[in-house]
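To keep things clear, I will list the structure first and then write my remarks on it.
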Amino acid sequence: MRIVTRQQNIDNTRVRIDNKIGIRGISQDKRNKLYCCDFIHRKQRFYFKPWKMLEEAVYNRKMAEEYFGIETLSRNPLAAKYINELSDYQKEDIRQYTYDKISQKETV
């Protein structure tokens with residue numbers, strides 16, 4: 001056992017058993033069939049735009065974690081499979097969007 005902060009415990013939480021996608025923080029809106037990325041860090045919730053492709057939402061979540069230095073998604077082999085399906089151009093667009101969105105909220 002090791003001593004960790006509450007935030008580290010939250011970051012290391014596994015995917016809920018009722019999560020149909022299998023990736024923490026990703027869900028599908030049943031009405032419009034878009035994928036949503038939900039991210040909370042230090043009691044601050046970040047809302048990102050809905051994505052048409054699951055791969056985009058997963059990479060959006062990965063970039064949010066990377067911004068704060070969290071590596072939860074990098075340990076998920078399913079997430080790695082989705083991320084590898086994106087082109088470098090798509091990845092760069094999503095990374096830029098994610099970083100801009102987070103930095104806007106942090107400055108408010």
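For the structure tokens, the naming scheme is as follows: chains receive sequential letters (A, B, ...) according to their order of presentation, residues are indexed from 1 within each chain, and ligands are indexed from 1 in presentation order.
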Exercise. Enumerate, as number ranges by chain, the complete set of residues in chain A that a backbone-based DSSP assignment places in helix (DSSP H, G or I).
Key: A: 6-11, 54-67, 73-75, 77-84, 88-107
Selection file, C-alpha atoms, as a compact mmCIF listing (two decimals), in the first residue's frame:
```txt
# COMPACT_ATOMS: atom_id res chain seq x y z
CA ARG A 6 -7.47 12.03 -2.91
CA GLN A 7 -6.88 13.36 -6.44
CA GLN A 8 -4.47 10.51 -7.19
CA ASN A 9 -7.06 8.00 -5.99
CA ILE A 10 -9.67 9.58 -8.28
CA ASP A 11 -7.24 9.53 -11.22
CA LEU A 54 -15.57 7.49 -30.84
CA GLU A 55 -11.88 7.71 -31.73
CA GLU A 56 -12.03 11.52 -31.57
CA ALA A 57 -13.69 11.53 -28.15
CA VAL A 58 -11.12 9.08 -26.78
CA TYR A 59 -8.23 11.19 -28.06
CA ASN A 60 -9.89 14.31 -26.61
CA ARG A 61 -9.93 12.61 -23.20
CA LYS A 62 -6.31 11.51 -23.61
CA MET A 63 -5.21 15.06 -24.40
CA ALA A 64 -7.08 16.40 -21.35
CA GLU A 65 -5.30 13.87 -19.15
CA GLU A 66 -1.97 14.69 -20.78
CA TYR A 67 -2.50 18.41 -20.10
CA LEU A 73 -5.92 6.34 -20.40
CA SER A 74 -2.45 5.37 -21.56
CA ARG A 75 -2.81 2.14 -19.54
CA PRO A 77 -5.30 -1.04 -24.42
CA LEU A 78 -8.77 -0.38 -25.85
CA ALA A 79 -8.09 3.36 -25.86
CA ALA A 80 -4.76 2.82 -27.63
CA LYS A 81 -6.57 0.89 -30.37
CA TYR A 82 -8.98 3.78 -31.00
CA ILE A 83 -6.27 6.42 -30.91
CA ASN A 84 -4.14 4.60 -33.48
CA ASP A 88 -1.80 12.83 -37.40
CA TYR A 89 -3.82 15.75 -38.77
CA GLN A 90 -6.90 14.74 -36.75
CA LYS A 91 -4.80 14.26 -33.63
CA GLU A 92 -3.25 17.71 -33.94
CA ASP A 93 -6.66 19.37 -34.40
CA ILE A 94 -8.08 17.61 -31.34
CA ARG A 95 -4.98 18.36 -29.24
CA GLN A 96 -5.16 22.05 -30.13
CA TYR A 97 -8.91 22.20 -29.41
CA THR A 98 -8.49 20.45 -26.04
CA TYR A 99 -5.58 22.60 -24.87
CA ASP A 100 -7.37 25.80 -25.94
CA LYS A 101 -10.58 24.80 -24.18
CA ILE A 102 -8.80 23.94 -20.93
CA SER A 103 -6.64 27.05 -20.91
CA GLN A 104 -9.72 29.24 -21.53
CA LYS A 105 -11.47 27.80 -18.48
CA GLU A 106 -8.38 28.05 -16.29
CA THR A 107 -7.97 31.76 -16.99
```
Practice problem: Using backbone DSSP assignments, extract all strand (DSSP E or B) residues from chain A; output them as a PyMOL selection string. | Solution: chain A and resi 26-28+35-41+44-47+51
Generate a file of the selected residues that holds C-alpha atoms, formatted as a compact mmCIF listing (two decimals), in the first residue's frame.
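Output saved as selection.txt:
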```
# COMPACT_ATOMS: atom_id res chain seq x y z
CA ILE A 26 -16.56 8.66 -22.66
CA SER A 27 -20.28 8.23 -23.27
CA GLN A 28 -22.67 8.30 -26.20
CA TYR A 35 -19.77 10.79 -28.34
CA CYS A 36 -19.14 13.00 -25.32
CA CYS A 37 -15.96 13.40 -23.33
CA ASP A 38 -16.31 14.22 -19.65
CA PHE A 39 -13.29 15.28 -17.64
CA ILE A 40 -12.97 16.44 -14.04
CA HIS A 41 -9.72 17.56 -12.44
CA GLN A 44 -13.28 21.45 -11.94
CA ARG A 45 -15.39 19.94 -14.71
CA PHE A 46 -14.46 20.43 -18.35
CA TYR A 47 -17.13 20.18 -21.02
CA TRP A 51 -17.66 14.16 -31.40
```
Practice problem: Rounded to one decimal place, report the CA of Met53 (chain A)-CA of Leu34 (chain A) distance in Å. | Solution: 7.3 Å
Practice problem: Could you check which of A:Pro50, A:Phe68, A:Val4, A:Asn12 is closest to Lys30 (chain A), using only C-alpha atoms? | Solution: A:Pro50
Quiz prompt | Pick from A:Arg42, A:Ser87, A:Phe48, A:Thr72, whichever lies nearest to Thr5 (chain A) using only C-alpha atoms | solution = A:Arg42
Practice problem: Measure the distance from CA of Gly25 (chain A) to CA of Thr13 (chain A) in Å and round it to one decimal. | Solution: 11.0 Å
